$ cat protein36.json   # JSON, C-alpha atoms
[["chain", "number", "residue", "atom", "x", "y", "z"],
["A", 179, "MET", "CA", 0.00, 0.00, 0.00],
["A", 180, "THR", "CA", 2.90, 2.35, 0.78],
["A", 181, "LYS", "CA", 4.31, 1.84, -2.71],
["A", 182, "ILE", "CA", 0.95, 2.67, -4.25],
["A", 183, "LEU", "CA", 0.63, 5.90, -2.23],
["A", 184, "GLN", "CA", 4.15, 6.89, -3.18],
["A", 185, "LYS", "CA", 3.12, 6.85, -6.83],
["A", 186, "TRP", "CA", 0.19, 9.24, -6.40],
["A", 187, "TYR", "CA", 2.49, 12.21, -6.98],
["A", 188, "ILE", "CA", 2.40, 11.30, -10.64],
["A", 189, "GLY", "CA", -1.27, 12.28, -10.60],
["A", 190, "LEU", "CA", -0.31, 15.86, -9.71],
["A", 191, "ILE", "CA", 1.57, 16.07, -12.99],
["A", 192, "ILE", "CA", -0.97, 14.46, -15.30],
["A", 193, "LEU", "CA", -4.15, 15.72, -13.60],
["A", 194, "PRO", "CA", -4.24, 19.14, -15.36],
["A", 195, "ILE", "CA", -3.76, 17.44, -18.73],
["A", 196, "ILE", "CA", -6.57, 14.96, -18.06],
["A", 197, "ILE", "CA", -8.92, 17.75, -16.92],
["A", 198, "ASN", "CA", -8.27, 19.69, -20.13],
["A", 199, "LEU", "CA", -8.89, 16.63, -22.29],
["A", 200, "LEU", "CA", -12.06, 15.62, -20.46],
["A", 201, "THR", "CA", -13.41, 19.16, -20.49],
["A", 202, "SER", "CA", -13.17, 19.23, -24.26],
["A", 203, "LEU", "CA", -14.83, 15.83, -24.62],
["A", 204, "PHE", "CA", -17.55, 15.86, -21.98],
["A", 205, "ASP", "CA", -20.04, 18.27, -20.49],
["A", 206, "PHE", "CA", -18.58, 18.60, -17.01],
["A", 207, "PRO", "CA", -21.50, 20.48, -15.44],
["A", 208, "VAL", "CA", -23.69, 17.44, -16.16],
["A", 209, "LEU", "CA", -21.15, 15.08, -14.58],
["A", 210, "LEU", "CA", -20.75, 17.26, -11.52],
["A", 211, "LYS", "CA", -24.53, 17.41, -11.01],
["A", 212, "ASN", "CA", -24.79, 13.62, -11.15],
["A", 213, "TRP", "CA", -22.51, 12.47, -8.30],
["A", 214, "ASN", "CA", -23.39, 8.82, -8.91],
["A", 215, "PHE", "CA", -21.45, 8.85, -12.19],
["A", 216, "THR", "CA", -18.60, 10.70, -10.54],
["A", 217, "VAL", "CA", -18.32, 8.21, -7.63],
["A", 218, "ILE", "CA", -18.64, 5.17, -9.90],
["A", 219, "GLY", "CA", -16.01, 6.53, -12.27],
["A", 220, "THR", "CA", -13.64, 7.28, -9.40],
["A", 221, "LEU", "CA", -14.11, 3.81, -7.91],
["A", 222, "ILE", "CA", -13.47, 2.16, -11.28],
["A", 223, "ILE", "CA", -10.22, 4.09, -11.65],
["A", 224, "ILE", "CA", -9.12, 3.25, -8.09],
["A", 225, "VAL", "CA", -9.94, -0.45, -8.51],
["A", 226, "ALA", "CA", -8.06, -0.55, -11.82],
["A", 227, "ILE", "CA", -5.00, 1.04, -10.18],
["A", 228, "LEU", "CA", -5.13, -1.35, -7.21],
["A", 229, "ILE", "CA", -5.41, -4.40, -9.49],
["A", 230, "TYR", "CA", -2.46, -3.19, -11.55],
["A", 231, "GLU", "CA", -0.33, -2.55, -8.45],
["A", 232, "TYR", "CA", -1.33, -5.90, -6.96],
["A", 233, "HIS", "CA", -0.11, -7.75, -10.04],
["A", 234, "LEU", "CA", 3.16, -5.80, -9.98],
["A", 235, "LEU", "CA", 3.77, -6.68, -6.33],
["A", 236, "LYS", "CA", 2.79, -10.30, -6.92],
["A", 237, "ASN", "CA", 5.31, -10.61, -9.75],
["A", 238, "GLU", "CA", 8.02, -8.98, -7.63],
["A", 239, "ASN", "CA", 7.36, -11.38, -4.74],
["A", 240, "LYS", "CA", 7.42, -14.35, -7.11],
["A", 241, "ILE", "CA", 10.82, -13.32, -8.45],
["A", 242, "LEU", "CA", 12.14, -12.83, -4.91],
["A", 243, "ARG", "CA", 10.93, -16.29, -3.84],
["A", 244, "ILE", "CA", 12.57, -17.96, -6.84],
["A", 245, "THR", "CA", 15.89, -16.12, -6.52],
["A", 246, "PRO", "CA", 18.05, -17.87, -3.89],
["A", 247, "LYS", "CA", 20.07, -15.91, -1.36],
["A", 248, "GLU", "CA", 23.83, -15.78, -1.79],
["A", 249, "SER", "CA", 24.29, -17.10, 1.75],
["A", 250, "ASP", "CA", 22.16, -20.16, 0.90],
["A", 251, "LYS", "CA", 24.19, -20.73, -2.27],
["A", 252, "LYS", "CA", 27.39, -20.77, -0.23],
["A", 253, "ILE", "CA", 25.92, -23.25, 2.25],
["A", 254, "ILE", "CA", 24.75, -25.75, -0.36],
["A", 255, "ARG", "CA", 28.00, -25.49, -2.32],
["A", 256, "LYS", "CA", 29.96, -26.18, 0.85],
["A", 257, "LEU", "CA", 27.81, -29.21, 1.69],
["A", 258, "LEU", "CA", 28.10, -30.65, -1.82],
["A", 259, "ASP", "CA", 31.87, -30.14, -1.71],
["A", 260, "ILE", "CA", 32.01, -32.01, 1.59],
["A", 261, "LEU", "CA", 30.00, -34.91, 0.22],
["A", 262, "ASP", "CA", 31.80, -34.85, -3.16],
["A", 263, "ILE", "CA", 28.87, -35.94, -5.30],
["A", 264, "ASN", "CA", 31.06, -37.45, -8.03],
["A", 265, "MET", "CA", 32.88, -39.67, -5.54],
["A", 266, "PHE", "CA", 29.61, -40.50, -3.79],
["A", 267, "GLN", "CA", 28.10, -41.71, -7.04],
["A", 268, "ASP", "CA", 31.18, -43.51, -8.36],
["A", 269, "LYS", "CA", 32.65, -45.01, -5.20],
["A", 270, "ILE", "CA", 29.49, -45.76, -3.22],
["A", 271, "CYS", "CA", 26.23, -45.68, -5.20],
["A", 272, "GLU", "CA", 27.65, -47.52, -8.22],
["A", 273, "GLN", "CA", 29.81, -49.78, -6.07],
["A", 274, "SER", "CA", 28.47, -52.94, -4.45],
["A", 275, "CYS", "CA", 29.00, -53.38, -0.74],
["A", 276, "TRP", "CA", 30.16, -56.93, -1.49],
["A", 277, "TYR", "CA", 33.47, -55.46, -2.68],
["A", 278, "GLY", "CA", 33.70, -52.79, 0.01],
["A", 279, "TYR", "CA", 34.19, -49.02, -0.24],
["A", 280, "GLU", "CA", 37.05, -46.56, -0.22],
["A", 281, "LYS", "CA", 37.58, -45.02, 3.20],
["A", 282, "GLU", "CA", 37.75, -41.50, 1.78],
["A", 283, "ALA", "CA", 34.29, -41.83, 0.24],
["A", 284, "ILE", "CA", 32.79, -43.19, 3.48],
["A", 285, "HIS", "CA", 34.46, -40.47, 5.57],
["A", 286, "LYS", "CA", 32.98, -37.81, 3.29],
["A", 287, "THR", "CA", 29.45, -39.16, 3.85],
["A", 288, "ILE", "CA", 30.02, -39.19, 7.61],
["A", 289, "LYS", "CA", 31.28, -35.59, 7.56],
["A", 290, "PHE", "CA", 28.33, -34.52, 5.40],
["A", 291, "CYS", "CA", 25.86, -35.99, 7.90],
["A", 292, "GLU", "CA", 27.63, -34.25, 10.77],
["A", 293, "LYS", "CA", 27.65, -30.85, 9.07],
["A", 294, "THR", "CA", 23.99, -30.96, 8.05],
["A", 295, "GLN", "CA", 23.05, -31.12, 11.73],
["A", 296, "LEU", "CA", 24.71, -27.79, 12.51],
["A", 297, "ILE", "CA", 22.66, -24.59, 12.63],
["A", 298, "LYS", "CA", 25.13, -22.70, 10.45],
["A", 299, "TYR", "CA", 24.37, -25.09, 7.60],
["A", 300, "LYS", "CA", 20.64, -24.37, 7.69],
["A", 301, "THR", "CA", 19.33, -22.29, 4.80],
["A", 302, "SER", "CA", 16.42, -19.86, 4.64],
["A", 303, "ASP", "CA", 14.81, -22.14, 2.04],
["A", 304, "GLU", "CA", 12.61, -24.58, 3.97],
["A", 305, "LYS", "CA", 12.11, -26.87, 0.99],
["A", 306, "LEU", "CA", 15.87, -27.06, 0.50],
["A", 307, "ASN", "CA", 16.37, -27.89, 4.19],
["A", 308, "ILE", "CA", 13.90, -30.76, 3.88],
["A", 309, "LEU", "CA", 15.70, -32.16, 0.82],
["A", 310, "ILE", "CA", 19.07, -31.92, 2.58],
["A", 311, "GLN", "CA", 17.72, -33.76, 5.61],
["A", 312, "ASP", "CA", 16.10, -36.40, 3.40],
["A", 313, "LEU", "CA", 19.49, -37.06, 1.83],
["A", 314, "ARG", "CA", 21.17, -37.11, 5.23],
["A", 315, "ASN", "CA", 18.65, -39.62, 6.60],
["A", 316, "ALA", "CA", 19.09, -41.86, 3.56],
["A", 317, "ILE", "CA", 22.88, -41.79, 3.95],
["A", 318, "LYS", "CA", 22.58, -42.58, 7.67],
["A", 319, "GLU", "CA", 20.43, -45.60, 6.89],
["A", 320, "PHE", "CA", 23.04, -46.74, 4.38],
["A", 321, "GLU", "CA", 25.82, -46.30, 6.93],
["A", 322, "GLU", "CA", 23.93, -48.18, 9.66],
["A", 323, "GLN", "CA", 23.53, -51.22, 7.42],
["A", 324, "ALA", "CA", 27.06, -51.04, 6.00],
["A", 325, "THR", "CA", 28.71, -50.97, 9.43],
["A", 326, "LYS", "CA", 27.18, -54.37, 10.17],
["A", 327, "ILE", "CA", 29.52, -56.11, 7.71],
["A", 328, "LEU", "CA", 32.33, -53.68, 6.83],
["A", 329, "TYR", "CA", 35.72, -53.78, 8.55],
["A", 330, "SER", "CA", 38.89, -51.74, 8.24],
["A", 331, "ASP", "CA", 41.45, -54.24, 7.03],
["A", 332, "ASN", "CA", 43.79, -51.73, 5.32],
["A", 333, "GLU", "CA", 44.50, -48.01, 5.09],
["A", 334, "SER", "CA", 42.42, -47.31, 1.99],
["A", 335, "SER", "CA", 39.17, -49.29, 2.21],
["A", 336, "TYR", "CA", 36.44, -50.90, 4.28],
["A", 337, "SER", "CA", 35.60, -54.44, 3.22],
["A", 338, "PRO", "CA", 33.34, -57.31, 4.37],
["A", 339, "ASP", "CA", 35.02, -60.11, 6.31],
["A", 340, "LYS", "CA", 34.87, -63.23, 4.12],
["A", 341, "LYS", "CA", 37.34, -65.38, 6.05],
["A", 342, "THR", "CA", 34.75, -67.55, 7.74],
["A", 343, "GLU", "CA", 31.60, -69.21, 6.45],
["A", 344, "PHE", "CA", 29.52, -67.37, 9.05],
["A", 345, "ASN", "CA", 30.77, -63.96, 7.91],
["A", 346, "VAL", "CA", 30.31, -64.87, 4.24],
["A", 347, "ASN", "CA", 26.71, -65.87, 4.88],
["A", 348, "ARG", "CA", 26.14, -62.71, 6.91],
["A", 349, "THR", "CA", 27.61, -60.59, 4.11],
["A", 350, "LYS", "CA", 25.39, -62.33, 1.54],
["A", 351, "GLU", "CA", 22.38, -61.51, 3.68],
["A", 352, "ILE", "CA", 23.13, -57.85, 4.36],
["A", 353, "TYR", "CA", 25.03, -56.52, 1.32],
["A", 354, "PRO", "CA", 21.90, -56.36, -0.93],
["A", 355, "ILE", "CA", 20.21, -54.23, 1.73],
["A", 356, "VAL", "CA", 23.22, -51.92, 1.83],
["A", 357, "ASP", "CA", 23.20, -51.62, -1.98],
["A", 358, "GLN", "CA", 19.51, -50.82, -1.87],
["A", 359, "LYS", "CA", 20.09, -48.11, 0.75],
["A", 360, "SER", "CA", 22.87, -46.53, -1.31],
["A", 361, "GLY", "CA", 20.51, -46.51, -4.31],
["A", 362, "ILE", "CA", 17.85, -44.71, -2.26],
["A", 363, "ALA", "CA", 20.44, -42.18, -1.10],
["A", 364, "PHE", "CA", 21.43, -41.51, -4.70],
["A", 365, "LYS", "CA", 17.80, -40.87, -5.66],
["A", 366, "LYS", "CA", 17.55, -38.38, -2.80],
["A", 367, "LEU", "CA", 20.69, -36.69, -4.13],
["A", 368, "GLU", "CA", 19.14, -36.50, -7.60],
["A", 369, "LEU", "CA", 16.01, -34.85, -6.15],
["A", 370, "LEU", "CA", 18.18, -32.33, -4.32],
["A", 371, "LEU", "CA", 20.24, -31.51, -7.42],
["A", 372, "SER", "CA", 17.09, -31.18, -9.53],
["A", 373, "TYR", "CA", 15.64, -28.68, -7.06],
["A", 374, "LEU", "CA", 18.89, -26.71, -7.00],
["A", 375, "LYS", "CA", 18.92, -26.45, -10.78],
["A", 376, "GLN", "CA", 15.26, -25.41, -10.94],
["A", 377, "ARG", "CA", 15.87, -22.67, -8.36],
["A", 378, "ASN", "CA", 19.10, -21.45, -10.03],
["A", 379, "TYR", "CA", 21.38, -22.27, -7.07],
["A", 380, "PHE", "CA", 24.27, -23.00, -9.41],
["A", 381, "GLU", "CA", 24.21, -19.63, -11.16]]
$ encode --input "protein36.json" --output "structure tokens"
Amino acid sequence: MTKILQKWYIGLIILPIIINLLTSLFDFPVLLKNWNFTVIGTLIIIVAILIYEYHLLKNENKILRITPKESDKKIIRKLLDILDINMFQDKICEQSCWYGYEKEAIHKTIKFCEKTQLIKYKTSDEKLNILIQDLRNAIKEFEEQATKILYSDNESSYSPDKKTEFNVNRTKEIYPIVDQKSGIAFKKLELLLSYLKQRNYFE
């Protein structure tokens, strides 16, 4: 409403011109005698102005909602760097738990889950926060299943223990579940990336 009132000063400029034009086209004494026409005409003009201003404000608000904040862009870029989406896809989501995972890739998922719990990594975009937490929850479910059969037997990777028949059978039972969980996590990542592209977070 304030913006609309601020624009009324334009009327002070164009009002004399309009009066001159209307005077030459209409019989003003007749209009002034019939206040019904005058009130109706005034209301029509006011309503038209309000509708026009409403649509302008609506379009401005729509643009503001779509345009992400720079601070939110920095947060999501930092989180994606921590996770390393290329490594996550290549070394975890496209890798079967039967063969184990690189430690670096697993450590990145753990760090990602830790960071997404901190307040400083919360954005002002509620939808984005939900998608981030959905991905975090999916990764946590993957990790919980993977830790049941993965062991650190060298400096570079976590692998299932296949030295005994019991452990082999246990691995055969659990590794498909782990693979399924990593697949779900990847789908959550795809949803997140799709949202980021739609909302121009990478620009």
$ atom_distance --input "protein36.json" --atom1 "CA of Tyr299 (chain A)" --atom2 "CA of Ile253 (chain A)"
5.9 Å
$ atom_distance --input "protein36.json" --atom1 "CA of Lys281 (chain A)" --atom2 "CA of Glu333 (chain A)"
7.8 Å
$ closest_residue --input "protein36.json" --among "A:Ser335, A:Lys251, A:Ser302, A:Thr325" --to "Glu280 (chain A)" --atoms "all atoms listed in the file"
A:Ser335
$ closest_residue --input "protein36.json" --among "A:Gln311, A:Gln273, A:Gln323, A:Asn264" --to "Ile352 (chain A)" --atoms "all atoms listed in the file"
A:Gln323
$ atom_distance --input "protein36.json" --atom1 "CA of Ile260 (chain A)" --atom2 "CA of Asp339 (chain A)"
28.7 Å
$ residues_around --input "protein36.json" --residues "Tyr336 (chain A)" --least-positions-apart "5" --cutoff "10 Å" --atoms "only C-alpha atoms" --output "list in words"
Cys275, Tyr277, Gly278, Tyr279, Glu280, Lys281, Glu282, Ile284, Ala324, Thr325, Ile327, Leu328, Tyr329, Ser330 and Asp331 of chain A
$ residues_around --input "protein36.json" --residues "Thr245 (chain A)" --least-positions-apart "5" --cutoff "12 Å" --atoms "all atoms listed in the file" --output "ChimeraX atom specification"
/A:238-240,250-251,302-303,374-381
$ residues_near_point --input "protein36.json" --point "(21.5, -38.7, 1.8)" --cutoff "12 Å" --atoms "only C-alpha atoms" --output "number ranges by chain"
A: 257-258, 261, 263, 266-267, 270-271, 286-292, 294, 308-321, 359-371
